[in-house]
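Data from work-v6.json: JSON, C-alpha atoms
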[["chain", "number", "residue", "atom", "x", "y", "z"],
["S", 1, "ARG", "CA", -6.49, 43.78, 39.06],
["S", 2, "ASP", "CA", -8.08, 42.86, 42.38],
["S", 3, "LEU", "CA", -11.06, 45.05, 41.50],
["S", 4, "ILE", "CA", -12.13, 43.22, 38.33],
["S", 5, "ALA", "CA", -13.27, 40.15, 40.31],
["S", 6, "TYR", "CA", -15.46, 39.57, 43.33],
["S", 7, "PRO", "CA", -13.75, 39.33, 46.72],
["S", 8, "SER", "CA", -14.15, 36.14, 48.73],
["S", 9, "ILE", "CA", -17.75, 35.57, 49.73],
["S", 10, "ASP", "CA", -16.91, 35.29, 53.45],
["S", 11, "GLY", "CA", -13.99, 37.67, 54.04],
["S", 12, "GLY", "CA", -11.35, 34.99, 53.55],
["S", 13, "GLY", "CA", -8.51, 37.49, 53.19],
["S", 14, "ILE", "CA", -9.18, 38.83, 56.67],
["S", 15, "ARG", "CA", -9.54, 35.30, 58.05],
["S", 16, "ASP", "CA", -6.12, 34.40, 56.66],
["S", 17, "PHE", "CA", -4.54, 37.34, 58.50],
["S", 18, "TYR", "CA", -6.02, 36.26, 61.84],
["S", 19, "VAL", "CA", -4.93, 32.66, 61.29],
["S", 20, "GLU", "CA", -1.34, 33.68, 60.53],
["S", 21, "ARG", "CA", -0.95, 36.53, 63.02],
["S", 22, "PHE", "CA", -2.69, 35.02, 66.05],
["S", 23, "ALA", "CA", -2.25, 31.29, 65.32],
["S", 24, "LEU", "CA", -5.99, 30.63, 65.18],
["S", 25, "GLU", "CA", -7.86, 27.74, 63.61],
["S", 26, "PRO", "CA", -9.23, 28.78, 60.17],
["S", 27, "GLY", "CA", -12.68, 27.51, 61.04],
["S", 28, "SER", "CA", -12.83, 29.73, 64.12],
["S", 29, "VAL", "CA", -12.58, 33.04, 62.25],
["S", 30, "LEU", "CA", -15.21, 34.94, 60.28],
["S", 31, "GLY", "CA", -13.96, 38.09, 58.52],
["S", 32, "THR", "CA", -16.32, 41.06, 58.85],
["S", 33, "ASN", "CA", -16.79, 44.61, 57.63],
["S", 34, "GLY", "CA", -15.24, 46.04, 60.78],
["S", 35, "ALA", "CA", -16.21, 45.00, 64.30],
["S", 36, "ALA", "CA", -19.59, 46.68, 63.81],
["S", 37, "GLU", "CA", -20.82, 43.99, 61.43],
["S", 38, "GLY", "CA", -20.01, 41.33, 64.02],
["S", 39, "ILE", "CA", -21.70, 43.31, 66.80],
["S", 40, "TYR", "CA", -24.93, 43.49, 64.81],
["S", 41, "LEU", "CA", -24.72, 39.97, 63.39],
["S", 42, "LEU", "CA", -24.38, 38.14, 66.72],
["S", 43, "PRO", "CA", -27.70, 39.02, 68.43],
["S", 44, "ARG", "CA", -29.61, 38.22, 65.24],
["S", 45, "ALA", "CA", -27.83, 34.96, 64.42],
["S", 46, "LEU", "CA", -27.79, 33.65, 67.99],
["S", 47, "GLY", "CA", -31.45, 34.52, 68.55],
["S", 48, "LEU", "CA", -30.77, 36.49, 71.71],
["S", 49, "ARG", "CA", -33.82, 37.51, 73.74],
["S", 50, "HIS", "CA", -32.45, 39.10, 76.92],
["S", 51, "VAL", "CA", -28.94, 40.57, 77.07],
["S", 52, "LEU", "CA", -26.95, 42.09, 79.92],
["S", 53, "VAL", "CA", -24.61, 44.97, 79.01],
["S", 54, "PRO", "CA", -22.44, 47.22, 81.20],
["S", 55, "ALA", "CA", -23.00, 50.97, 81.40],
["S", 56, "PRO", "CA", -21.27, 53.17, 80.57],
["S", 57, "SER", "CA", -20.11, 51.26, 77.52],
["S", 58, "PHE", "CA", -20.22, 51.28, 73.73],
["S", 59, "PHE", "CA", -23.84, 51.98, 72.76],
["S", 60, "GLU", "CA", -23.81, 49.69, 69.71],
["S", 61, "TYR", "CA", -24.09, 46.56, 71.91],
["S", 62, "GLU", "CA", -27.42, 47.75, 73.26],
["S", 63, "ARG", "CA", -28.62, 49.05, 69.90],
["S", 64, "ALA", "CA", -27.71, 45.84, 68.05],
["S", 65, "CYS", "CA", -29.57, 43.73, 70.62],
["S", 66, "ARG", "CA", -32.68, 45.90, 70.53],
["S", 67, "ILE", "CA", -32.78, 45.86, 66.72],
["S", 68, "ALA", "CA", -32.65, 42.05, 66.91],
["S", 69, "GLY", "CA", -35.67, 42.14, 69.23],
["S", 70, "ALA", "CA", -33.84, 41.43, 72.48],
["S", 71, "GLU", "CA", -34.57, 42.99, 75.84],
["S", 72, "VAL", "CA", -31.54, 44.74, 77.35],
["S", 73, "SER", "CA", -30.65, 44.96, 81.04],
["S", 74, "VAL", "CA", -27.82, 47.06, 82.40],
["S", 75, "VAL", "CA", -25.14, 46.41, 85.01],
["S", 76, "GLU", "CA", -23.92, 49.77, 86.27],
["S", 77, "LEU", "CA", -20.20, 50.55, 86.43],
["S", 78, "LYS", "CA", -19.78, 53.07, 89.22],
["S", 79, "GLU", "CA", -17.45, 56.04, 89.44],
["S", 80, "GLU", "CA", -16.64, 55.38, 93.09],
["S", 81, "ASN", "CA", -15.35, 51.95, 92.04],
["S", 82, "GLY", "CA", -13.28, 53.35, 89.18],
["S", 83, "PHE", "CA", -15.83, 51.94, 86.70],
["S", 84, "ALA", "CA", -14.55, 48.42, 87.38],
["S", 85, "MET", "CA", -16.78, 45.42, 86.80],
["S", 86, "PRO", "CA", -18.83, 44.37, 89.85],
["S", 87, "GLU", "CA", -17.75, 41.51, 92.07],
["S", 88, "PHE", "CA", -18.07, 38.01, 90.59],
["S", 89, "GLN", "CA", -21.11, 37.02, 92.65],
["S", 90, "GLU", "CA", -23.03, 40.09, 91.53],
["S", 91, "LEU", "CA", -22.31, 39.18, 87.90],
["S", 92, "VAL", "CA", -23.46, 35.61, 88.59],
["S", 93, "ASP", "CA", -26.73, 36.91, 90.03],
["S", 94, "ARG", "CA", -27.31, 39.17, 87.02],
["S", 95, "VAL", "CA", -26.32, 36.64, 84.35],
["S", 96, "GLU", "CA", -28.76, 34.06, 85.78],
["S", 97, "ASN", "CA", -31.67, 36.13, 84.43],
["S", 98, "VAL", "CA", -30.42, 36.69, 80.85],
["S", 99, "ASP", "CA", -29.28, 34.58, 77.94],
["S", 100, "ALA", "CA", -26.18, 36.62, 77.04],
["S", 101, "PHE", "CA", -23.62, 39.03, 78.48],
["S", 102, "PHE", "CA", -22.16, 41.52, 75.95],
["S", 103, "ALA", "CA", -19.15, 43.52, 77.13],
["S", 104, "ALA", "CA", -15.71, 44.78, 76.08],
["S", 105, "ASN", "CA", -12.12, 44.30, 77.17],
["S", 106, "PRO", "CA", -10.99, 47.03, 77.53],
["S", 107, "ASN", "CA", -14.28, 48.81, 78.02],
["S", 108, "ASN", "CA", -15.04, 51.92, 75.97],
["S", 109, "PRO", "CA", -15.22, 54.74, 77.10],
["S", 110, "THR", "CA", -14.03, 53.92, 80.65],
["S", 111, "GLY", "CA", -10.77, 52.25, 79.57],
["S", 112, "THR", "CA", -11.12, 49.57, 82.26],
["S", 113, "ARG", "CA", -10.40, 45.84, 82.15],
["S", 114, "LEU", "CA", -12.74, 42.88, 81.94],
["S", 115, "ALA", "CA", -10.68, 40.03, 83.37],
["S", 116, "PRO", "CA", -10.61, 37.03, 81.00],
["S", 117, "ALA", "CA", -10.69, 34.70, 84.01],
["S", 118, "VAL", "CA", -14.03, 36.19, 85.05],
["S", 119, "VAL", "CA", -15.51, 35.60, 81.60],
["S", 120, "LEU", "CA", -14.29, 32.01, 81.50],
["S", 121, "ALA", "CA", -15.56, 31.33, 85.01],
["S", 122, "LEU", "CA", -19.00, 32.66, 84.03],
["S", 123, "ALA", "CA", -18.94, 30.68, 80.79],
["S", 124, "SER", "CA", -18.14, 27.50, 82.73],
["S", 125, "ARG", "CA", -20.90, 28.15, 85.24],
["S", 126, "PHE", "CA", -23.50, 28.98, 82.59],
["S", 127, "PRO", "CA", -22.78, 26.77, 79.54],
["S", 128, "ASP", "CA", -26.22, 27.54, 78.10],
["S", 129, "LYS", "CA", -25.60, 31.31, 77.98],
["S", 130, "TRP", "CA", -23.52, 33.41, 75.57],
["S", 131, "PHE", "CA", -20.56, 35.59, 76.54],
["S", 132, "LEU", "CA", -19.75, 38.09, 73.81],
["S", 133, "VAL", "CA", -16.53, 40.08, 74.28],
["S", 134, "ASP", "CA", -15.47, 43.01, 72.12],
["S", 135, "GLU", "CA", -11.66, 43.20, 71.99],
["S", 136, "ALA", "CA", -11.44, 46.19, 69.64],
["S", 137, "PHE", "CA", -8.79, 47.98, 71.75],
["S", 138, "ILE", "CA", -7.02, 44.99, 73.29],
["S", 139, "GLN", "CA", -3.84, 45.21, 71.19],
["S", 140, "PHE", "CA", -3.01, 48.51, 72.91],
["S", 141, "THR", "CA", -2.90, 46.87, 76.34],
["S", 142, "ALA", "CA", 0.33, 45.88, 78.05],
["S", 143, "ASP", "CA", -0.94, 42.33, 78.72],
["S", 144, "PHE", "CA", -1.75, 41.45, 75.09],
["S", 145, "PRO", "CA", -1.95, 38.68, 73.90],
["S", 146, "SER", "CA", -2.28, 36.83, 77.23],
["S", 147, "ASN", "CA", -5.44, 38.79, 78.10],
["S", 148, "SER", "CA", -7.24, 37.91, 74.86],
["S", 149, "LEU", "CA", -9.92, 35.23, 74.63],
["S", 150, "MET", "CA", -9.34, 34.57, 70.93],
["S", 151, "ARG", "CA", -7.62, 31.25, 71.58],
["S", 152, "GLU", "CA", -10.10, 30.12, 74.26],
["S", 153, "VAL", "CA", -13.11, 29.77, 71.96],
["S", 154, "LEU", "CA", -12.34, 26.19, 70.95],
["S", 155, "ALA", "CA", -12.67, 25.05, 74.57],
["S", 156, "PHE", "CA", -15.53, 27.42, 75.46],
["S", 157, "ARG", "CA", -18.20, 27.18, 72.79],
["S", 158, "ASN", "CA", -20.34, 29.86, 74.43],
["S", 159, "VAL", "CA", -17.57, 32.51, 74.32],
["S", 160, "VAL", "CA", -17.43, 34.71, 71.22],
["S", 161, "VAL", "CA", -14.84, 37.42, 70.51],
["S", 162, "VAL", "CA", -15.39, 40.43, 68.28],
["S", 163, "HIS", "CA", -12.13, 41.99, 67.10],
["S", 164, "SER", "CA", -11.23, 45.04, 65.05],
["S", 165, "LEU", "CA", -8.21, 46.00, 62.99],
["S", 166, "THR", "CA", -9.58, 49.54, 62.76],
["S", 167, "LYS", "CA", -8.18, 50.96, 65.98],
["S", 168, "PHE", "CA", -4.72, 49.49, 66.39],
["S", 169, "TYR", "CA", -3.72, 49.62, 62.72],
["S", 170, "ALA", "CA", -5.40, 53.02, 62.12],
["S", 171, "LEU", "CA", -7.47, 51.80, 59.15],
["S", 172, "PRO", "CA", -11.04, 52.89, 59.93],
["S", 173, "GLY", "CA", -11.86, 53.59, 56.30],
["S", 174, "LEU", "CA", -11.25, 49.99, 55.23],
["S", 175, "ARG", "CA", -13.58, 48.34, 57.81],
["S", 176, "LEU", "CA", -11.51, 45.34, 58.88],
["S", 177, "GLY", "CA", -12.63, 43.04, 61.68],
["S", 178, "ALA", "CA", -13.59, 39.52, 62.62],
["S", 179, "VAL", "CA", -15.68, 37.31, 64.86],
["S", 180, "ILE", "CA", -13.67, 34.55, 66.54],
["S", 181, "ALA", "CA", -15.68, 31.61, 67.88],
["S", 182, "HIS", "CA", -15.95, 27.84, 67.89],
["S", 183, "PRO", "CA", -16.33, 26.53, 64.30],
["S", 184, "ASP", "CA", -19.87, 25.37, 65.06],
["S", 185, "VAL", "CA", -20.77, 28.95, 66.04],
["S", 186, "ILE", "CA", -19.06, 30.35, 62.94],
["S", 187, "GLY", "CA", -21.19, 28.00, 60.83],
["S", 188, "ARG", "CA", -24.30, 29.32, 62.52],
["S", 189, "LEU", "CA", -23.25, 32.91, 61.86],
["S", 190, "LEU", "CA", -22.64, 32.15, 58.18],
["S", 191, "GLU", "CA", -26.28, 31.10, 57.86],
["S", 192, "HIS", "CA", -27.29, 34.67, 58.72],
["S", 193, "LYS", "CA", -24.43, 36.74, 57.31],
["S", 194, "GLU", "CA", -24.80, 38.63, 54.04],
["S", 195, "PRO", "CA", -22.28, 37.62, 51.34],
["S", 196, "TRP", "CA", -19.42, 39.82, 50.07],
["S", 197, "THR", "CA", -19.44, 42.30, 52.94],
["S", 198, "VAL", "CA", -15.63, 42.54, 52.87],
["S", 199, "ASN", "CA", -14.26, 44.25, 49.76],
["S", 200, "ALA", "CA", -11.19, 43.23, 47.76],
["S", 201, "VAL", "CA", -9.05, 46.18, 48.87],
["S", 202, "ALA", "CA", -9.69, 45.37, 52.54],
["S", 203, "GLU", "CA", -8.75, 41.73, 51.95],
["S", 204, "ARG", "CA", -5.54, 42.71, 50.16],
["S", 205, "VAL", "CA", -4.46, 45.13, 52.89],
["S", 206, "ALA", "CA", -5.26, 42.61, 55.64],
["S", 207, "GLY", "CA", -2.82, 40.22, 54.00],
["S", 208, "ARG", "CA", 0.00, 42.73, 54.47],
["S", 209, "LEU", "CA", -0.55, 43.43, 58.17],
["S", 210, "SER", "CA", 1.21, 40.25, 59.27],
["S", 211, "GLY", "CA", 4.54, 41.91, 58.50],
["S", 212, "CYS", "CA", 3.99, 44.69, 61.06],
["S", 213, "LEU", "CA", 5.26, 42.93, 64.18],
["S", 214, "GLU", "CA", 8.05, 45.42, 64.98],
["S", 215, "TRP", "CA", 5.69, 48.32, 64.39],
["S", 216, "GLU", "CA", 3.06, 46.70, 66.64],
["S", 217, "GLU", "CA", 5.52, 46.40, 69.51],
["S", 218, "SER", "CA", 6.72, 49.97, 69.09],
["S", 219, "VAL", "CA", 3.14, 51.25, 69.22],
["S", 220, "ARG", "CA", 2.42, 49.24, 72.38],
["S", 221, "GLN", "CA", 5.60, 50.48, 74.07],
["S", 222, "LEU", "CA", 4.97, 54.11, 73.15],
["S", 223, "ALA", "CA", 1.36, 53.91, 74.31],
["S", 224, "GLY", "CA", 2.48, 52.42, 77.61],
["S", 225, "LEU", "CA", 5.08, 55.12, 78.26],
["S", 226, "GLU", "CA", 2.69, 57.93, 77.35],
["S", 227, "ARG", "CA", -0.11, 56.45, 79.49],
["S", 228, "GLU", "CA", 2.16, 56.56, 82.53],
["S", 229, "ARG", "CA", 3.19, 60.14, 81.80],
["S", 230, "ILE", "CA", -0.38, 61.31, 81.28],
["S", 231, "TRP", "CA", -1.44, 59.66, 84.56],
["S", 232, "ARG", "CA", 1.43, 61.35, 86.37],
["S", 233, "GLU", "CA", 1.05, 64.83, 84.87],
["S", 234, "GLY", "CA", -2.75, 64.68, 84.73],
["S", 235, "ALA", "CA", -2.93, 64.09, 88.47],
["S", 236, "SER", "CA", -1.71, 67.65, 89.05],
["S", 237, "ILE", "CA", -4.50, 69.25, 86.99],
["S", 238, "GLU", "CA", -6.90, 70.47, 89.64],
["S", 239, "CYS", "CA", -10.14, 70.45, 87.60],
["S", 240, "MET", "CA", -9.67, 66.97, 86.11],
["S", 241, "ARG", "CA", -9.85, 63.41, 87.36],
["S", 242, "LEU", "CA", -8.71, 60.55, 85.12],
["S", 243, "PHE", "CA", -10.13, 57.02, 84.84],
["S", 244, "GLY", "CA", -9.15, 53.88, 82.92],
["S", 245, "GLY", "CA", -6.14, 54.21, 80.67],
["S", 246, "VAL", "CA", -5.38, 50.54, 80.00],
["S", 247, "ALA", "CA", -5.76, 51.07, 76.24],
["S", 248, "ASN", "CA", -4.99, 54.18, 74.17],
["S", 249, "PHE", "CA", -7.47, 56.59, 75.74],
["S", 250, "PHE", "CA", -8.56, 58.07, 79.07],
["S", 251, "LEU", "CA", -11.96, 58.93, 80.47],
["S", 252, "ALA", "CA", -11.91, 62.24, 82.34],
["S", 253, "ARG", "CA", -14.29, 64.15, 84.59],
["S", 254, "TRP", "CA", -14.05, 67.93, 84.40],
["S", 255, "ASP", "CA", -14.88, 70.14, 87.37],
["S", 256, "GLY", "CA", -16.26, 73.11, 85.45],
["S", 257, "SER", "CA", -18.03, 73.93, 82.21],
["S", 258, "LEU", "CA", -17.38, 71.09, 79.78],
["S", 259, "ASP", "CA", -18.93, 73.08, 76.92],
["S", 260, "HIS", "CA", -16.36, 75.83, 77.48],
["S", 261, "LEU", "CA", -13.50, 73.32, 77.67],
["S", 262, "LEU", "CA", -14.56, 71.47, 74.51],
["S", 263, "ALA", "CA", -14.84, 74.70, 72.54],
["S", 264, "ARG", "CA", -11.46, 75.87, 73.80],
["S", 265, "LEU", "CA", -9.71, 72.62, 72.87],
["S", 266, "LYS", "CA", -11.35, 72.54, 69.46],
["S", 267, "GLU", "CA", -10.12, 76.07, 68.73],
["S", 268, "GLN", "CA", -6.60, 74.83, 69.48],
["S", 269, "GLY", "CA", -6.97, 71.89, 67.09],
["S", 270, "MET", "CA", -7.40, 69.26, 69.80],
["S", 271, "PRO", "CA", -11.00, 68.01, 69.72],
["S", 272, "VAL", "CA", -11.88, 65.45, 72.40],
["S", 273, "ARG", "CA", -14.90, 63.15, 72.74],
["S", 274, "ASP", "CA", -17.88, 64.57, 74.62],
["S", 275, "CYS", "CA", -19.09, 61.57, 76.67],
["S", 276, "ARG", "CA", -22.29, 63.01, 78.11],
["S", 277, "ASN", "CA", -24.42, 60.89, 75.74],
["S", 278, "PHE", "CA", -23.19, 57.64, 77.33],
["S", 279, "ARG", "CA", -25.58, 56.05, 79.80],
["S", 280, "GLY", "CA", -24.09, 56.62, 83.24],
["S", 281, "LEU", "CA", -21.98, 59.62, 82.24],
["S", 282, "GLU", "CA", -24.52, 62.41, 82.49],
["S", 283, "GLY", "CA", -22.05, 64.83, 84.15],
["S", 284, "GLU", "CA", -19.05, 66.67, 82.73],
["S", 285, "TRP", "CA", -17.25, 63.74, 81.15],
["S", 286, "PHE", "CA", -14.95, 63.52, 78.12],
["S", 287, "ARG", "CA", -12.53, 61.03, 76.57],
["S", 288, "PHE", "CA", -9.22, 61.73, 74.91],
["S", 289, "ALA", "CA", -6.69, 59.62, 73.04],
["S", 290, "VAL", "CA", -3.09, 58.80, 73.87],
["S", 291, "ARG", "CA", -1.21, 60.16, 70.88],
["S", 292, "TRP", "CA", 2.37, 61.11, 70.00],
["S", 293, "PRO", "CA", 4.41, 62.61, 72.89],
["S", 294, "GLU", "CA", 4.38, 66.16, 71.51],
["S", 295, "GLU", "CA", 0.63, 66.02, 70.97],
["S", 296, "ASN", "CA", 0.06, 64.70, 74.47],
["S", 297, "SER", "CA", 2.22, 67.50, 75.88],
["S", 298, "ARG", "CA", 0.14, 70.11, 74.04],
["S", 299, "LEU", "CA", -3.09, 68.65, 75.38],
["S", 300, "ILE", "CA", -1.84, 68.43, 78.97],
["S", 301, "ALA", "CA", -0.65, 72.02, 78.79],
["S", 302, "ALA", "CA", -4.03, 73.16, 77.41],
["S", 303, "LEU", "CA", -5.93, 71.28, 80.12],
["S", 304, "ARG", "CA", -3.71, 72.72, 82.83],
["S", 305, "GLU", "CA", -4.19, 76.24, 81.45],
["S", 306, "ALA", "CA", -7.98, 75.76, 81.32],
["S", 307, "SER", "CA", -7.98, 74.46, 84.88],
["S", 308, "ASP", "CA", -6.01, 77.46, 86.15],
["S", 309, "ASP", "CA", -8.35, 80.02, 84.54]]

Take the structure in the file and give it back as C-alpha cells.
Amino acid sequence: RDLIAYPSIDGGGIRDFYVERFALEPGSVLGTNGAAEGIYLLPRALGLRHVLVPAPSFFEYERACRIAGAEVSVVELKEENGFAMPEFQELVDRVENVDAFFAANPNNPTGTRLAPAVVLALASRFPDKWFLVDEAFIQFTADFPSNSLMREVLAFRNVVVVHSLTKFYALPGLRLGAVIAHPDVIGRLLEHKEPWTVNAVAERVAGRLSGCLEWEESVRQLAGLERERIWREGASIECMRLFGGVANFFLARWDGSLDHLLARLKEQGMPVRDCRNFRGLEGEWFRFAVRWPEENSRLIAALREASDD
C-alpha cells in the first residue's frame, strides 16, 4: 500500500528514525537519498567557493565541490604520520584561506580519526566558515556515540554532519542517509533540495531500524574484536603494513605486485579495494573490510601465503 501514494516530500520517514534513535531535534535533520545526496547538496546550497579537503580521502567531497563551482585545496595526510590529521596550528593556517573544511570521521580509505574536539575548536575560532563532517562509518567505532558531532550542531551553527545508514545497517540499495545541522541551515538546504528524493520503501525500512539496538551493539563488539585480531595477525605478514582500522576496514600497503595480489584474491573469492586511484596513494595500496571471523581468517591466510611466495 505504501507504493500507491507519494512518499514525504522531504524524507520525513528517515528524519523520524534519526530523531528517535539519536535523540535529535526534528528540525535539525534532513533525510536524504544516501549520504551522497547530502555531500552534493551542501556545496551548492551553502554557496561554497574555496574548500579544504584531506587527501587521501573520499573523492566525492572534491568532486561535489568542483561541480558546485568551488576551488578545492588539499591538506596531505602523510604515511609517516599514520595518515593522521596535521597538528591543530597547521589546520588553523590552512582553514584561514578557505570558506569550508570537508572531511570524514573516520576517514575513508585511511580508517583514521578526526577528533571532534578539533572540529569544534576550529568552528569556534572561525564562526564564518563551514565545517562539514561525513560520519558514514562512525557507528562502527568503539567510541560511538560520544565521538559524533550530531548533537553539537545546535550550539555550532557552522558544523554540519552527513550521515549514512548504508554502511552500518548494510542497506546500500535503499539509499538511506541524512544531513544533521542547525534548523536554520536545514531550512537553507531545503531551498535547494529536490523534492521526493527518498522513496516510500526507504522511509518504511528506516522506521524499523530503531528496534535494532541489540544487533547494533553486537556488530560493534564483533568488529572491535576482529580489528584487534587482524592488527595482531597482520603484523606478522612480511609484505604488508596496516593503517587505520578504527572503523570496519583497514588500509594496507603491499610490498610487491599489487596487480598479482588482487588477481589472486579475486580468484579465491575475496576481492579487495584497489586504492591506487586515491590522491596520495599512488603506490601499492589496497583496502579490505573487517568481516565475519571465518572470512577474516581466510583473508589473513591468503595474504600470508601470498607474502611467503

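Neighbours of S:Leu262 closer than or equal to 9 Å, with only C-alpha atoms counted and sequence neighbours fewer than 3 positions away skipped, come out as Ser257, Leu258, Asp259, Leu265, Lys266, Glu267, Met270, Pro271, Val272, Arg273, Asp274 and Phe286 of chain S.
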
Mind checking which residues fall within 7 Å of stretch 135-142 of chain S, counting only C-alpha atoms, ignoring those fewer than 4 positions away in the same chain, and posting them as an mmCIF file with C-alpha atoms, keeping the file's coordinate frame?
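Result went into selection_1.cif, see below:
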data_model
loop_
_atom_site.group_PDB
_atom_site.id
_atom_site.type_symbol
_atom_site.label_atom_id
_atom_site.label_comp_id
_atom_site.auth_asym_id
_atom_site.auth_seq_id
_atom_site.Cartn_x
_atom_site.Cartn_y
_atom_site.Cartn_z
ATOM 1 C CA ALA S 104 -15.710 44.780 76.080
ATOM 2 C CA ASN S 105 -12.120 44.300 77.170
ATOM 3 C CA PRO S 106 -10.990 47.030 77.530
ATOM 4 C CA VAL S 161 -14.840 37.420 70.510
ATOM 5 C CA VAL S 162 -15.390 40.430 68.280
ATOM 6 C CA HIS S 163 -12.130 41.990 67.100
ATOM 7 C CA SER S 164 -11.230 45.040 65.050
ATOM 8 C CA LYS S 167 -8.180 50.960 65.980
ATOM 9 C CA PHE S 168 -4.720 49.490 66.390
ATOM 10 C CA ARG S 220 2.420 49.240 72.380
ATOM 11 C CA GLY S 224 2.480 52.420 77.610
ATOM 12 C CA VAL S 246 -5.380 50.540 80.000
ATOM 13 C CA ALA S 247 -5.760 51.070 76.240
ATOM 14 C CA ASN S 248 -4.990 54.180 74.170
#

request  = Excluding S:Tyr169 and residues on its chain fewer than 3 positions from it, collect all residues at most 9 Å away from it, counting only C-alpha atoms, and give them as an MDAnalysis selection string.
outcome  = chainID S and resid 165:166 172 209 216

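With all atoms listed in the file as the basis for measurement, S:Gly177 is the residue among S:Gly177, S:Ala123, S:Trp196, S:Asn107 that approaches S:Ile39 most closely.
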
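Here the question is which of S:Asp2, S:Asp184, S:Asp99, S:Glu76 gets nearest to S:Arg279 using only C-alpha atoms, and that residue is S:Glu76.
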
**Message:** Could you check which residues have any atom within 8 Å of (-23.2, 38.1, 80.3), counting only C-alpha atoms with coordinates taken straight from the file, and then list them as a PyMOL selection string?
**Reply:** chain S and resi 51-53+91+94-95+98-103+122+129-132

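One distance worth recording is that between atom CA of S:Leu120 and atom CA of S:Ile180, which is 15.2 Å.
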
Hey, can I get the axis-aligned box for stretch 120-129 of chain S? All listed atoms, 5 Å padding on each side, centre and edge lengths in Å to one decimal, as JSON.
{"center_x": -20.3, "center_y": 29.7, "center_z": 81.6, "size_x": 21.9, "size_y": 15.9, "size_z": 17.3}

Computed gap from atom CA of S:Arg232 to atom CA of S:Ala302 is 15.8 Å

Closest-contact table, stretch 279-307 of chain S side, partner stretch 227-230 of chain S, 9 Å, counting all atoms listed in the file, as a Markdown table:
| residue | atom | partner | partner_atom | distance |
| --- | --- | --- | --- | --- |
| S:Val290 | CA | S:Arg227 | CA | 6.8 |
| S:Asn296 | CA | S:Ile230 | CA | 7.6 |
| S:Ser297 | CA | S:Ile230 | CA | 8.6 |
| S:Ile300 | CA | S:Ile230 | CA | 7.6 |

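Reported to one decimal place, the separation of atom CA of S:Ile4 from atom CA of S:Tyr18 is 25.3 Å.
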
Between S:Arg204, S:Val159, S:Gly211, S:Leu41, smallest distance to S:His182 by all atoms listed in the file belongs to S:Val159

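Closest approach to S:Gln221 among S:Ala115, S:Phe250, S:Phe144, S:Glu37: S:Phe144, based on all atoms listed in the file.
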
- Would you kindly return, as a ChimeraX atom specification, each protein, DNA or RNA residue with an atom no farther than 10 Å from any atom of S:Arg304, considering all atoms listed in the file and excluding same-chain residues fewer than 2 positions away? /S:233-234,236-240,298-302,306-309

**OP:** Could you pull out every residue with an atom within 8 Å of (-18.0, 69.9, 82.8), file coordinates, counting only C-alpha atoms, and send them as an MDAnalysis selection string?
**Re:** chainID S and resid 253:259 261 283:285

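The residue that comes closest to S:Phe17, out of S:Leu242, S:Leu174, S:Cys212, S:Ala70 and on the basis of all atoms listed in the file, is S:Cys212.
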
- Distance query S:Pro195 at most 12 Å, only C-alpha atoms, self and fewer than 3 positions along chain excluded, as a ChimeraX atom specification: /S:6-12,30-33,189-192,198-199

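Distance check against S:Gln268 using all atoms listed in the file: of S:Val219, S:Leu176, S:Cys65, S:Leu303, the minimum falls on S:Leu303.
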